[in-house]
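As provided, input_23.pdb (PDB, C-alpha atoms and all ligand atoms) reads as follows.
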```pdb
MODEL        1
ATOM      1  CA  MET A   1      64.235 128.701  60.058  1.00  0.00           C
ATOM      2  CA  LYS A   2      65.875 127.791  56.807  1.00  0.00           C
ATOM      3  CA  THR A   3      67.821 131.057  56.836  1.00  0.00           C
ATOM      4  CA  THR A   4      69.050 130.372  60.358  1.00  0.00           C
ATOM      5  CA  THR A   5      70.176 126.902  59.367  1.00  0.00           C
ATOM      6  CA  THR A   6      72.013 128.248  56.340  1.00  0.00           C
ATOM      7  CA  LEU A   7      73.760 130.898  58.418  1.00  0.00           C
ATOM      8  CA  ALA A   8      74.758 128.293  60.966  1.00  0.00           C
ATOM      9  CA  ALA A   9      76.181 126.139  58.190  1.00  0.00           C
ATOM     10  CA  LEU A  10      78.115 129.070  56.767  1.00  0.00           C
ATOM     11  CA  ALA A  11      79.463 129.924  60.211  1.00  0.00           C
ATOM     12  CA  LEU A  12      80.544 126.320  60.700  1.00  0.00           C
ATOM     13  CA  ALA A  13      82.230 126.277  57.300  1.00  0.00           C
ATOM     14  CA  ALA A  14      84.060 129.505  58.131  1.00  0.00           C
ATOM     15  CA  THR A  15      85.212 128.039  61.440  1.00  0.00           C
ATOM     16  CA  LEU A  16      86.445 124.889  59.773  1.00  0.00           C
ATOM     17  CA  SER A  17      88.303 126.772  57.060  1.00  0.00           C
ATOM     18  CA  SER A  18      90.022 128.987  59.623  1.00  0.00           C
ATOM     19  CA  THR A  19      91.344 125.908  61.464  1.00  0.00           C
ATOM     20  CA  ASN A  20      91.985 123.764  58.417  1.00  0.00           C
ATOM     21  CA  ALA A  21      95.587 124.792  57.736  1.00  0.00           C
ATOM     22  CA  THR A  22      98.077 122.196  58.941  1.00  0.00           C
ATOM     23  CA  PRO A  23      99.167 123.253  62.420  1.00  0.00           C
ATOM     24  CA  ILE A  24     102.898 123.683  62.920  1.00  0.00           C
ATOM     25  CA  ILE A  25     103.916 121.664  65.962  1.00  0.00           C
ATOM     26  CA  ASP A  26     107.443 121.820  67.251  1.00  0.00           C
ATOM     27  CA  LEU A  27     109.223 120.572  70.332  1.00  0.00           C
ATOM     28  CA  PHE A  28     111.080 123.257  72.229  1.00  0.00           C
ATOM     29  CA  GLU A  29     112.603 120.829  74.722  1.00  0.00           C
ATOM     30  CA  TYR A  30     112.125 117.480  76.389  1.00  0.00           C
ATOM     31  CA  GLY A  31     113.474 115.695  79.437  1.00  0.00           C
ATOM     32  CA  VAL A  32     113.811 112.098  80.570  1.00  0.00           C
ATOM     33  CA  ASN A  33     113.938 111.011  84.210  1.00  0.00           C
ATOM     34  CA  ILE A  34     114.874 107.398  84.921  1.00  0.00           C
ATOM     35  CA  ASP A  35     115.265 106.564  88.594  1.00  0.00           C
ATOM     36  CA  GLY A  36     116.250 110.142  89.342  1.00  0.00           C
ATOM     37  CA  ALA A  37     118.817 110.492  86.544  1.00  0.00           C
ATOM     38  CA  VAL A  38     117.662 113.395  84.365  1.00  0.00           C
ATOM     39  CA  SER A  39     118.659 113.918  80.735  1.00  0.00           C
ATOM     40  CA  ASN A  40     117.625 116.959  78.734  1.00  0.00           C
ATOM     41  CA  ASN A  41     117.118 116.675  74.968  1.00  0.00           C
ATOM     42  CA  SER A  42     118.982 113.377  74.754  1.00  0.00           C
ATOM     43  CA  ALA A  43     118.324 109.695  75.267  1.00  0.00           C
ATOM     44  CA  PRO A  44     120.295 108.008  78.075  1.00  0.00           C
ATOM     45  CA  ALA A  45     120.807 104.250  78.387  1.00  0.00           C
ATOM     46  CA  GLY A  46     117.514 102.409  78.660  1.00  0.00           C
ATOM     47  CA  VAL A  47     115.658 104.948  76.523  1.00  0.00           C
ATOM     48  CA  ASN A  48     114.696 104.307  72.910  1.00  0.00           C
ATOM     49  CA  ILE A  49     113.778 107.392  70.866  1.00  0.00           C
ATOM     50  CA  SER A  50     114.034 105.749  67.429  1.00  0.00           C
ATOM     51  CA  GLY A  51     110.281 106.182  66.982  1.00  0.00           C
ATOM     52  CA  PHE A  52     110.285 109.796  68.146  1.00  0.00           C
ATOM     53  CA  ASP A  53     110.747 112.926  66.034  1.00  0.00           C
ATOM     54  CA  THR A  54     112.716 115.383  68.154  1.00  0.00           C
ATOM     55  CA  GLY A  55     111.763 118.194  65.759  1.00  0.00           C
ATOM     56  CA  THR A  56     108.000 117.883  66.071  1.00  0.00           C
ATOM     57  CA  GLY A  57     107.993 116.028  69.372  1.00  0.00           C
ATOM     58  CA  LEU A  58     105.622 113.440  67.902  1.00  0.00           C
ATOM     59  CA  GLY A  59     106.055 109.679  68.112  1.00  0.00           C
ATOM     60  CA  THR A  60     106.813 107.186  70.868  1.00  0.00           C
ATOM     61  CA  ILE A  61     109.624 106.987  73.421  1.00  0.00           C
ATOM     62  CA  LEU A  62     110.300 103.706  75.241  1.00  0.00           C
ATOM     63  CA  MET A  63     111.929 103.542  78.671  1.00  0.00           C
ATOM     64  CA  THR A  64     113.047 100.214  80.104  1.00  0.00           C
ATOM     65  CA  LEU A  65     113.329  99.555  83.827  1.00  0.00           C
ATOM     66  CA  SER A  66     114.819  96.520  85.545  1.00  0.00           C
ATOM     67  CA  GLY A  67     116.259  95.462  88.872  1.00  0.00           C
ATOM     68  CA  VAL A  68     114.488  94.539  92.075  1.00  0.00           C
ATOM     69  CA  GLY A  69     112.871  97.385  93.989  1.00  0.00           C
ATOM     70  CA  ALA A  70     111.179 100.731  93.397  1.00  0.00           C
ATOM     71  CA  HIS A  71     111.574 102.491  90.060  1.00  0.00           C
ATOM     72  CA  TYR A  72     110.464 105.778  88.536  1.00  0.00           C
ATOM     73  CA  CYS A  73     110.462 107.109  85.003  1.00  0.00           C
ATOM     74  CA  SER A  74     108.911 110.144  83.389  1.00  0.00           C
ATOM     75  CA  LEU A  75     108.917 112.237  80.235  1.00  0.00           C
ATOM     76  CA  PHE A  76     108.635 116.041  80.189  1.00  0.00           C
ATOM     77  CA  VAL A  77     107.724 117.734  76.895  1.00  0.00           C
ATOM     78  CA  ASP A  78     107.429 121.403  75.997  1.00  0.00           C
ATOM     79  CA  HIS A  79     105.716 121.750  72.611  1.00  0.00           C
ATOM     80  CA  GLU A  80     104.727 124.944  70.805  1.00  0.00           C
ATOM     81  CA  ILE A  81     101.829 125.080  68.350  1.00  0.00           C
ATOM     82  CA  ASP A  82     101.899 127.615  65.534  1.00  0.00           C
ATOM     83  CA  GLU A  83     104.359 129.753  67.449  1.00  0.00           C
ATOM     84  CA  SER A  84     105.288 131.784  64.351  1.00  0.00           C
ATOM     85  CA  ILE A  85     101.636 132.600  63.669  1.00  0.00           C
ATOM     86  CA  ASN A  86     100.057 133.227  67.054  1.00  0.00           C
ATOM     87  CA  THR A  87     102.818 132.845  69.719  1.00  0.00           C
ATOM     88  CA  PHE A  88     103.560 129.930  72.069  1.00  0.00           C
ATOM     89  CA  PHE A  89     101.501 131.316  74.951  1.00  0.00           C
ATOM     90  CA  ASN A  90      97.949 131.279  73.558  1.00  0.00           C
ATOM     91  CA  GLU A  91      97.581 127.594  74.394  1.00  0.00           C
ATOM     92  CA  PHE A  92      95.641 125.338  76.745  1.00  0.00           C
ATOM     93  CA  GLY A  93      96.110 122.029  78.523  1.00  0.00           C
ATOM     94  CA  THR A  94      93.504 119.524  79.640  1.00  0.00           C
ATOM     95  CA  ALA A  95      93.463 115.993  81.029  1.00  0.00           C
ATOM     96  CA  ALA A  96      91.003 113.275  80.000  1.00  0.00           C
ATOM     97  CA  GLY A  97      90.107 110.002  81.700  1.00  0.00           C
ATOM     98  CA  ALA A  98      91.534 108.688  84.948  1.00  0.00           C
ATOM     99  CA  PRO A  99      95.200 107.792  85.559  1.00  0.00           C
ATOM    100  CA  VAL A 100      95.849 104.212  86.583  1.00  0.00           C
ATOM    101  CA  ALA A 101      97.763 103.018  89.639  1.00  0.00           C
ATOM    102  CA  GLY A 102     101.344 104.219  89.589  1.00  0.00           C
ATOM    103  CA  GLN A 103     100.719 106.872  86.961  1.00  0.00           C
ATOM    104  CA  SER A 104     101.410 110.560  87.583  1.00  0.00           C
ATOM    105  CA  TRP A 105     101.030 113.628  85.391  1.00  0.00           C
ATOM    106  CA  GLU A 106     101.253 117.399  85.224  1.00  0.00           C
ATOM    107  CA  ILE A 107     100.420 120.286  82.908  1.00  0.00           C
ATOM    108  CA  ASP A 108     101.983 123.656  83.638  1.00  0.00           C
ATOM    109  CA  GLU A 109     103.963 126.620  82.391  1.00  0.00           C
ATOM    110  CA  PRO A 110     107.405 125.055  81.808  1.00  0.00           C
ATOM    111  CA  GLY A 111     109.161 126.961  84.565  1.00  0.00           C
ATOM    112  CA  TYR A 112     110.496 130.050  82.855  1.00  0.00           C
ATOM    113  CA  VAL A 113     107.872 132.231  84.554  1.00  0.00           C
ATOM    114  CA  PHE A 114     105.914 130.515  87.322  1.00  0.00           C
ATOM    115  CA  GLY A 115     105.307 126.827  86.632  1.00  0.00           C
ATOM    116  CA  ASP A 116     106.743 124.120  88.886  1.00  0.00           C
ATOM    117  CA  ILE A 117     106.412 121.250  86.398  1.00  0.00           C
ATOM    118  CA  TYR A 118     110.112 121.012  85.553  1.00  0.00           C
ATOM    119  CA  THR A 119     111.099 121.091  89.239  1.00  0.00           C
ATOM    120  CA  ASN A 120     108.548 118.373  89.931  1.00  0.00           C
ATOM    121  CA  PHE A 121     109.706 116.354  86.914  1.00  0.00           C
ATOM    122  CA  VAL A 122     113.293 116.390  88.203  1.00  0.00           C
ATOM    123  CA  ALA A 123     112.177 115.492  91.734  1.00  0.00           C
ATOM    124  CA  GLY A 124     109.813 112.759  90.541  1.00  0.00           C
ATOM    125  CA  THR A 125     106.854 114.496  92.179  1.00  0.00           C
ATOM    126  CA  LEU A 126     104.485 115.439  89.342  1.00  0.00           C
ATOM    127  CA  ASP A 127     101.574 117.216  91.029  1.00  0.00           C
ATOM    128  CA  LYS A 128      98.635 115.898  88.921  1.00  0.00           C
ATOM    129  CA  LEU A 129      97.373 119.458  88.405  1.00  0.00           C
ATOM    130  CA  ILE A 130      96.852 121.903  85.558  1.00  0.00           C
ATOM    131  CA  PHE A 131      98.637 125.176  86.448  1.00  0.00           C
ATOM    132  CA  GLY A 132      98.441 124.343  90.134  1.00  0.00           C
ATOM    133  CA  GLY A 133      94.677 123.954  89.730  1.00  0.00           C
ATOM    134  CA  THR A 134      94.029 127.699  89.776  1.00  0.00           C
ATOM    135  CA  MET A 135      93.816 128.556  86.070  1.00  0.00           C
ATOM    136  CA  SER A 136      93.233 126.909  82.706  1.00  0.00           C
ATOM    137  CA  GLY A 137      95.192 129.126  80.307  1.00  0.00           C
ATOM    138  CA  PRO A 138      95.988 130.527  77.836  1.00  0.00           C
ATOM    139  CA  GLU A 139      99.672 130.073  78.558  1.00  0.00           C
ATOM    140  CA  ASP A 140     102.899 128.438  77.459  1.00  0.00           C
ATOM    141  CA  ILE A 141     102.030 124.751  77.885  1.00  0.00           C
ATOM    142  CA  SER A 142     104.265 121.853  78.846  1.00  0.00           C
ATOM    143  CA  MET A 143     103.262 118.355  79.915  1.00  0.00           C
ATOM    144  CA  ALA A 144     104.740 115.432  81.812  1.00  0.00           C
ATOM    145  CA  LEU A 145     103.719 111.827  82.470  1.00  0.00           C
ATOM    146  CA  GLY A 146     105.424 109.472  84.914  1.00  0.00           C
ATOM    147  CA  TRP A 147     105.322 106.011  86.424  1.00  0.00           C
ATOM    148  CA  ASN A 148     106.181 104.570  89.810  1.00  0.00           C
ATOM    149  CA  VAL A 149     106.562 100.805  89.776  1.00  0.00           C
ATOM    150  CA  THR A 150     108.101  98.234  92.092  1.00  0.00           C
ATOM    151  CA  LEU A 151     109.738  95.276  90.366  1.00  0.00           C
ATOM    152  CA  ALA A 152     110.659  91.839  91.601  1.00  0.00           C
ATOM    153  CA  SER A 153     113.993  90.351  90.635  1.00  0.00           C
ATOM    154  CA  TRP A 154     112.416  88.425  87.768  1.00  0.00           C
ATOM    155  CA  GLN A 155     110.519  91.400  86.350  1.00  0.00           C
ATOM    156  CA  SER A 156     111.283  94.200  83.946  1.00  0.00           C
ATOM    157  CA  ALA A 157     109.087  97.040  82.765  1.00  0.00           C
ATOM    158  CA  THR A 158     108.769  99.076  79.599  1.00  0.00           C
ATOM    159  CA  ALA A 159     107.033 102.447  79.647  1.00  0.00           C
ATOM    160  CA  TYR A 160     105.652 103.750  76.359  1.00  0.00           C
ATOM    161  CA  PHE A 161     105.224 107.514  76.041  1.00  0.00           C
ATOM    162  CA  THR A 162     103.247 108.473  72.942  1.00  0.00           C
ATOM    163  CA  LEU A 163     102.694 111.939  71.485  1.00  0.00           C
ATOM    164  CA  SER A 164     100.262 112.235  68.618  1.00  0.00           C
ATOM    165  CA  GLU A 165      98.026 114.675  66.791  1.00  0.00           C
ATOM    166  CA  THR A 166      95.291 112.028  67.063  1.00  0.00           C
ATOM    167  CA  ALA A 167      93.374 111.629  70.312  1.00  0.00           C
ATOM    168  CA  PRO A 168      93.645 108.220  71.995  1.00  0.00           C
ATOM    169  CA  THR A 169      90.370 106.293  71.865  1.00  0.00           C
ATOM    170  CA  SER A 170      90.616 105.173  75.481  1.00  0.00           C
ATOM    171  CA  GLY A 171      92.624 105.535  78.647  1.00  0.00           C
ATOM    172  CA  PHE A 172      94.090 108.545  80.396  1.00  0.00           C
ATOM    173  CA  TYR A 173      95.750 111.257  78.320  1.00  0.00           C
ATOM    174  CA  LEU A 174      96.805 114.893  78.306  1.00  0.00           C
ATOM    175  CA  LYS A 175      95.911 117.367  75.581  1.00  0.00           C
ATOM    176  CA  HIS A 176      97.856 120.487  74.599  1.00  0.00           C
ATOM    177  CA  SER A 177      95.902 122.637  72.172  1.00  0.00           C
ATOM    178  CA  ASP A 178      95.936 125.928  70.325  1.00  0.00           C
ATOM    179  CA  PRO A 179      92.333 127.040  69.800  1.00  0.00           C
ATOM    180  CA  ALA A 180      93.375 129.744  67.326  1.00  0.00           C
ATOM    181  CA  SER A 181      94.721 127.209  64.845  1.00  0.00           C
ATOM    182  CA  GLY A 182      92.956 124.021  65.947  1.00  0.00           C
ATOM    183  CA  GLY A 183      96.266 122.252  66.482  1.00  0.00           C
ATOM    184  CA  ALA A 184      96.620 119.746  69.303  1.00  0.00           C
ATOM    185  CA  VAL A 185      99.117 117.289  70.772  1.00  0.00           C
ATOM    186  CA  TYR A 186      97.854 114.291  72.748  1.00  0.00           C
ATOM    187  CA  PHE A 187     100.155 112.682  75.312  1.00  0.00           C
ATOM    188  CA  SER A 188      99.466 109.191  76.626  1.00  0.00           C
ATOM    189  CA  SER A 189     101.487 106.440  78.265  1.00  0.00           C
ATOM    190  CA  ALA A 190     101.349 102.748  79.077  1.00  0.00           C
ATOM    191  CA  LEU A 191     103.465 100.574  81.346  1.00  0.00           C
ATOM    192  CA  ASN A 192     104.077  96.938  80.504  1.00  0.00           C
ATOM    193  CA  VAL A 193     105.552  94.771  83.269  1.00  0.00           C
ATOM    194  CA  THR A 194     106.829  91.382  82.126  1.00  0.00           C
ATOM    195  CA  GLY A 195     108.269  88.307  83.797  1.00  0.00           C
ATOM    196  CA  SER A 196     106.972  85.809  86.316  1.00  0.00           C
ATOM    197  CA  PRO A 197     108.560  83.815  89.105  1.00  0.00           C
ATOM    198  CA  GLY A 198     110.180  80.770  87.564  1.00  0.00           C
ATOM    199  CA  GLY A 199     109.532  82.101  84.076  1.00  0.00           C
ATOM    200  CA  GLY A 200     106.241  80.209  83.802  1.00  0.00           C
ATOM    201  CA  VAL A 201     107.587  76.832  84.934  1.00  0.00           C
ATOM    202  CA  PRO A 202     104.727  74.671  86.342  1.00  0.00           C
ATOM    203  CA  ASP A 203     104.588  74.251  90.139  1.00  0.00           C
ATOM    204  CA  GLY A 204     105.917  70.695  90.007  1.00  0.00           C
ATOM    205  CA  GLY A 205     108.770  71.924  87.888  1.00  0.00           C
ATOM    206  CA  SER A 206     109.586  74.655  90.396  1.00  0.00           C
ATOM    207  CA  THR A 207     109.975  72.123  93.196  1.00  0.00           C
ATOM    208  CA  LEU A 208     112.104  69.890  91.020  1.00  0.00           C
ATOM    209  CA  ALA A 209     114.090  72.877  89.883  1.00  0.00           C
ATOM    210  CA  LEU A 210     114.857  73.897  93.458  1.00  0.00           C
ATOM    211  CA  LEU A 211     116.318  70.453  94.065  1.00  0.00           C
ATOM    212  CA  LEU A 212     118.328  70.688  90.889  1.00  0.00           C
ATOM    213  CA  CYS A 213     119.511  74.156  91.803  1.00  0.00           C
ATOM    214  CA  ALA A 214     120.694  72.861  95.151  1.00  0.00           C
ATOM    215  CA  CYS A 215     122.689  70.186  93.374  1.00  0.00           C
ATOM    216  CA  GLY A 216     123.626  71.677  90.046  1.00  0.00           C
ATOM    217  CA  GLY A 217     123.445  75.428  90.490  1.00  0.00           C
ATOM    218  CA  LEU A 218     121.973  78.041  88.206  1.00  0.00           C
ATOM    219  CA  ALA A 219     123.106  76.406  84.973  1.00  0.00           C
ATOM    220  CA  GLY A 220     120.922  73.409  85.720  1.00  0.00           C
ATOM    221  CA  TRP A 221     117.953  75.688  86.435  1.00  0.00           C
ATOM    222  CA  ARG A 222     118.351  77.470  83.135  1.00  0.00           C
ATOM    223  CA  SER A 223     118.532  74.275  81.125  1.00  0.00           C
ATOM    224  CA  LEU A 224     115.434  72.986  82.924  1.00  0.00           C
ATOM    225  CA  ARG A 225     113.526  76.164  82.084  1.00  0.00           C
ATOM    226  CA  GLN A 226     114.473  75.792  78.461  1.00  0.00           C
ATOM    227  CA  SER A 227     113.222  72.212  78.449  1.00  0.00           C
ATOM    228  CA  PHE A 228     109.784  73.428  79.503  1.00  0.00           C
ATOM    229  CA  LEU A 229     109.555  76.223  76.878  1.00  0.00           C
TER
HETATM  230 CA    CA B 301     100.231 129.036  69.538  1.00  0.00          CA
HETATM  231 CA    CA B 302     102.298 122.400  88.684  1.00  0.00          CA
HETATM  232 CA    CA B 303     105.161 125.258  75.287  1.00  0.00          CA
ENDMDL
END
```
What would the structure in this file look like if it were written as structure tokens?
Ligand SMILES: [Ca+2]
Ligand SMILES: [Ca+2]
Ligand SMILES: [Ca+2]
Amino acid sequence: MKTTTTLAALALAATLSSTNATPIIDLFEYGVNIDGAVSNNSAPAGVNISGFDTGTGLGTILMTLSGVGAHYCSLFVDHEIDESINTFFNEFGTAAGAPVAGQSWEIDEPGYVFGDIYTNFVAGTLDKLIFGGTMSGPEDISMALGWNVTLASWQSATAYFTLSETAPTSGFYLKHSDPASGGAVYFSSALNVTGSPGGGVPDGGSTLALLLCACGGLAGWRSLRQSFL
């Protein structure tokens, strides 16, 4: 019994040492889709990549949406893990948790061979499947997360797309991993919608404001709002 335990410990130690080297994660390409306008490997207006490392593909990208009506935004990422050591096609993708309302996702081969993820990313129709649901890997992995949201005139939305080597502790996320090296990239996203009708003015104030608007126009409304803040 003791011998078995010792062997198990040695085997575990060997496994850990073989995956202990720092994985090399690099970003082959990425794409941004905001309301159907697609940018590849660049940040268009409304997209903040200051917290994102385009070399490793780790960090957070912010996309801001505004204007009344339906909106869509998504991020497509094609990472490679330890490509120089064990290729870019020995990798796996999995999804954890449940997406929330308005959230879409996809894991697939990036489209150079058979995957439809890039086509779906451009069309805004991420299929919420891993390789079409018919295989798990190993393959060349790419991932995408997207949001559909409808905004009122007083609302704006910010989508946060985060890529990390550390697994999120809660919520829905995608995982891209290389079992040979132990490297992994976790992809998660959150959507924050802000704004309220009247900007938080109490009901009585709204009625009064309407009267003032009728008389004094928008300038009067704005000064009234400021007086309540
Ligand atoms: Ca690899
Ligand atoms: Ca697909
Ligand atoms: Ca890849």
(request) Would you work out the distance separating atom CA of A:Asn120 from atom CA of ligand CA 302 (chain B), expressed in Å to one decimal? (result)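 Atom-to-atom, atom CA of A:Asn120 to atom CA of ligand CA 302 (chain B), that is 7.5 Å.
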(request) Enumerate, as a list in words, the residues matched when the PyMOL selection byres (((chain A and resi 119) around 12) and not hetatm) is run on the file above. (result)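 That expression, the PyMOL selection byres (((chain A and resi 119) around 12) and not hetatm), corresponds here to Gly31, Asn33, Val38, Phe76, Glu106, Asp108, Glu109, Pro110, Gly111, Tyr112, Phe114, Gly115, Asp116, Ile117, Tyr118, Asn120, Phe121, Val122, Ala123, Gly124, Thr125, Leu126, Asp127 and Ala144 of chain A.
For the pair atom CA of A:Ser42 and atom CA of A:Leu62, the interatomic distance is 13.0 Å.
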(message) When the PyMOL selection byres (((chain A and resi 193) around 8) and not hetatm) is applied to the structure above, which residues does it catch, written out as a PyMOL selection string?
(response) chain A and resi 155-158+191-192+194-195
(message) Using Å and a single decimal, report how far atom CA of A:Phe187 sits from atom CA of A:Tyr173.
(response) 5.5 Å
(request) Using all atoms listed in the file, find the one residue out of A:Ser104, A:Ser188, A:Asn148, A:Ser164 that sits nearest to ligand CA 302 (chain B). (result) A:Ser104
(message) Could you check the closest approach to A:Pro197 for each of A:Thr56, A:Ser153, A:Thr87, A:Ser39 and tell me which residue wins, using all atoms listed in the file?
(response)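 For A:Pro197, the nearest of the given residues is A:Ser153.
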(message) Counting only C-alpha atoms and all ligand atoms, what are the residues, protein, DNA or RNA alike, that approach ligand CA 301 (chain B) to within 12 Å? I want them as a PyMOL selection string.
(response) chain A and resi 23-26+79-92+137-141+176-185
Put those residues in a file: C-alpha atoms, as a PDB file, in the frame of the given file.
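What ended up in out30.pdb:
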```pdb
ATOM      1  CA  PRO A  23      99.167 123.253  62.420  1.00  0.00           C
ATOM      2  CA  ILE A  24     102.898 123.683  62.920  1.00  0.00           C
ATOM      3  CA  ILE A  25     103.916 121.664  65.962  1.00  0.00           C
ATOM      4  CA  ASP A  26     107.443 121.820  67.251  1.00  0.00           C
ATOM      5  CA  HIS A  79     105.716 121.750  72.611  1.00  0.00           C
ATOM      6  CA  GLU A  80     104.727 124.944  70.805  1.00  0.00           C
ATOM      7  CA  ILE A  81     101.829 125.080  68.350  1.00  0.00           C
ATOM      8  CA  ASP A  82     101.899 127.615  65.534  1.00  0.00           C
ATOM      9  CA  GLU A  83     104.359 129.753  67.449  1.00  0.00           C
ATOM     10  CA  SER A  84     105.288 131.784  64.351  1.00  0.00           C
ATOM     11  CA  ILE A  85     101.636 132.600  63.669  1.00  0.00           C
ATOM     12  CA  ASN A  86     100.057 133.227  67.054  1.00  0.00           C
ATOM     13  CA  THR A  87     102.818 132.845  69.719  1.00  0.00           C
ATOM     14  CA  PHE A  88     103.560 129.930  72.069  1.00  0.00           C
ATOM     15  CA  PHE A  89     101.501 131.316  74.951  1.00  0.00           C
ATOM     16  CA  ASN A  90      97.949 131.279  73.558  1.00  0.00           C
ATOM     17  CA  GLU A  91      97.581 127.594  74.394  1.00  0.00           C
ATOM     18  CA  PHE A  92      95.641 125.338  76.745  1.00  0.00           C
ATOM     19  CA  GLY A 137      95.192 129.126  80.307  1.00  0.00           C
ATOM     20  CA  PRO A 138      95.988 130.527  77.836  1.00  0.00           C
ATOM     21  CA  GLU A 139      99.672 130.073  78.558  1.00  0.00           C
ATOM     22  CA  ASP A 140     102.899 128.438  77.459  1.00  0.00           C
ATOM     23  CA  ILE A 141     102.030 124.751  77.885  1.00  0.00           C
ATOM     24  CA  HIS A 176      97.856 120.487  74.599  1.00  0.00           C
ATOM     25  CA  SER A 177      95.902 122.637  72.172  1.00  0.00           C
ATOM     26  CA  ASP A 178      95.936 125.928  70.325  1.00  0.00           C
ATOM     27  CA  PRO A 179      92.333 127.040  69.800  1.00  0.00           C
ATOM     28  CA  ALA A 180      93.375 129.744  67.326  1.00  0.00           C
ATOM     29  CA  SER A 181      94.721 127.209  64.845  1.00  0.00           C
ATOM     30  CA  GLY A 182      92.956 124.021  65.947  1.00  0.00           C
ATOM     31  CA  GLY A 183      96.266 122.252  66.482  1.00  0.00           C
ATOM     32  CA  ALA A 184      96.620 119.746  69.303  1.00  0.00           C
ATOM     33  CA  VAL A 185      99.117 117.289  70.772  1.00  0.00           C
TER      34      VAL A 185
END
```
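Each of A:Gly51, A:Pro44, A:Gly102, A:Gly199 was checked against A:Thr150 using only C-alpha atoms; the smallest atom-to-atom distance is that of A:Gly102.
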(request) Using all atoms listed in the file, determine which residues lie at most 7 Å from A:Tyr72, disregarding the query and same-chain residues fewer than 3 positions distant; provide the list as a list in words. (result)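 Within the cut-off, the hits are Ile34, Asp35, Trp147, Asn148 and Val149 of chain A.
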(message) I'd like to know which of A:Ala98, A:Val77, A:Ala43, A:Val68 is closest to ligand CA 303 (chain B), using only C-alpha atoms and all ligand atoms.
(response)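 That would be A:Val77, the residue with the smallest distance to ligand CA 303 (chain B).
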Would you kindly return, as a PDB file with C-alpha atoms, in the coordinates of the input, each protein, DNA or RNA residue with an atom no farther than 10 Å from any atom of A:Tyr186, considering only C-alpha atoms and excluding same-chain residues fewer than 5 positions away?
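Saved to result.pdb:
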```
ATOM      1  CA  LEU A  58     105.622 113.440  67.902  1.00  0.00           C
ATOM      2  CA  GLY A  93      96.110 122.029  78.523  1.00  0.00           C
ATOM      3  CA  THR A  94      93.504 119.524  79.640  1.00  0.00           C
ATOM      4  CA  ALA A  95      93.463 115.993  81.029  1.00  0.00           C
ATOM      5  CA  MET A 143     103.262 118.355  79.915  1.00  0.00           C
ATOM      6  CA  THR A 162     103.247 108.473  72.942  1.00  0.00           C
ATOM      7  CA  LEU A 163     102.694 111.939  71.485  1.00  0.00           C
ATOM      8  CA  SER A 164     100.262 112.235  68.618  1.00  0.00           C
ATOM      9  CA  GLU A 165      98.026 114.675  66.791  1.00  0.00           C
ATOM     10  CA  THR A 166      95.291 112.028  67.063  1.00  0.00           C
ATOM     11  CA  ALA A 167      93.374 111.629  70.312  1.00  0.00           C
ATOM     12  CA  PRO A 168      93.645 108.220  71.995  1.00  0.00           C
ATOM     13  CA  TYR A 173      95.750 111.257  78.320  1.00  0.00           C
ATOM     14  CA  LEU A 174      96.805 114.893  78.306  1.00  0.00           C
ATOM     15  CA  LYS A 175      95.911 117.367  75.581  1.00  0.00           C
ATOM     16  CA  HIS A 176      97.856 120.487  74.599  1.00  0.00           C
ATOM     17  CA  SER A 177      95.902 122.637  72.172  1.00  0.00           C
TER      18      SER A 177
END
```
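Proximity of A:Ala101, A:Gly171, A:Leu151, A:Gly198 to A:Thr64, computed with only C-alpha atoms, is greatest for A:Leu151.
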(request) Could you tell me which of A:Trp105, A:Phe52, A:Tyr30, A:Phe131 comes closest to ligand CA 302 (chain B) if we count all atoms listed in the file? (result)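 Of A:Trp105, A:Phe52, A:Tyr30, A:Phe131, the one nearest ligand CA 302 (chain B), counting all atoms listed in the file, is A:Phe131.
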(message) Please enumerate the residues selected by the PyMOL selection byres (((chain A and resi 161) around 6) and not hetatm) when evaluated against the supplied file, formatted as a VMD selection string.
(response) chain A and resid 60 to 61 160 162 189
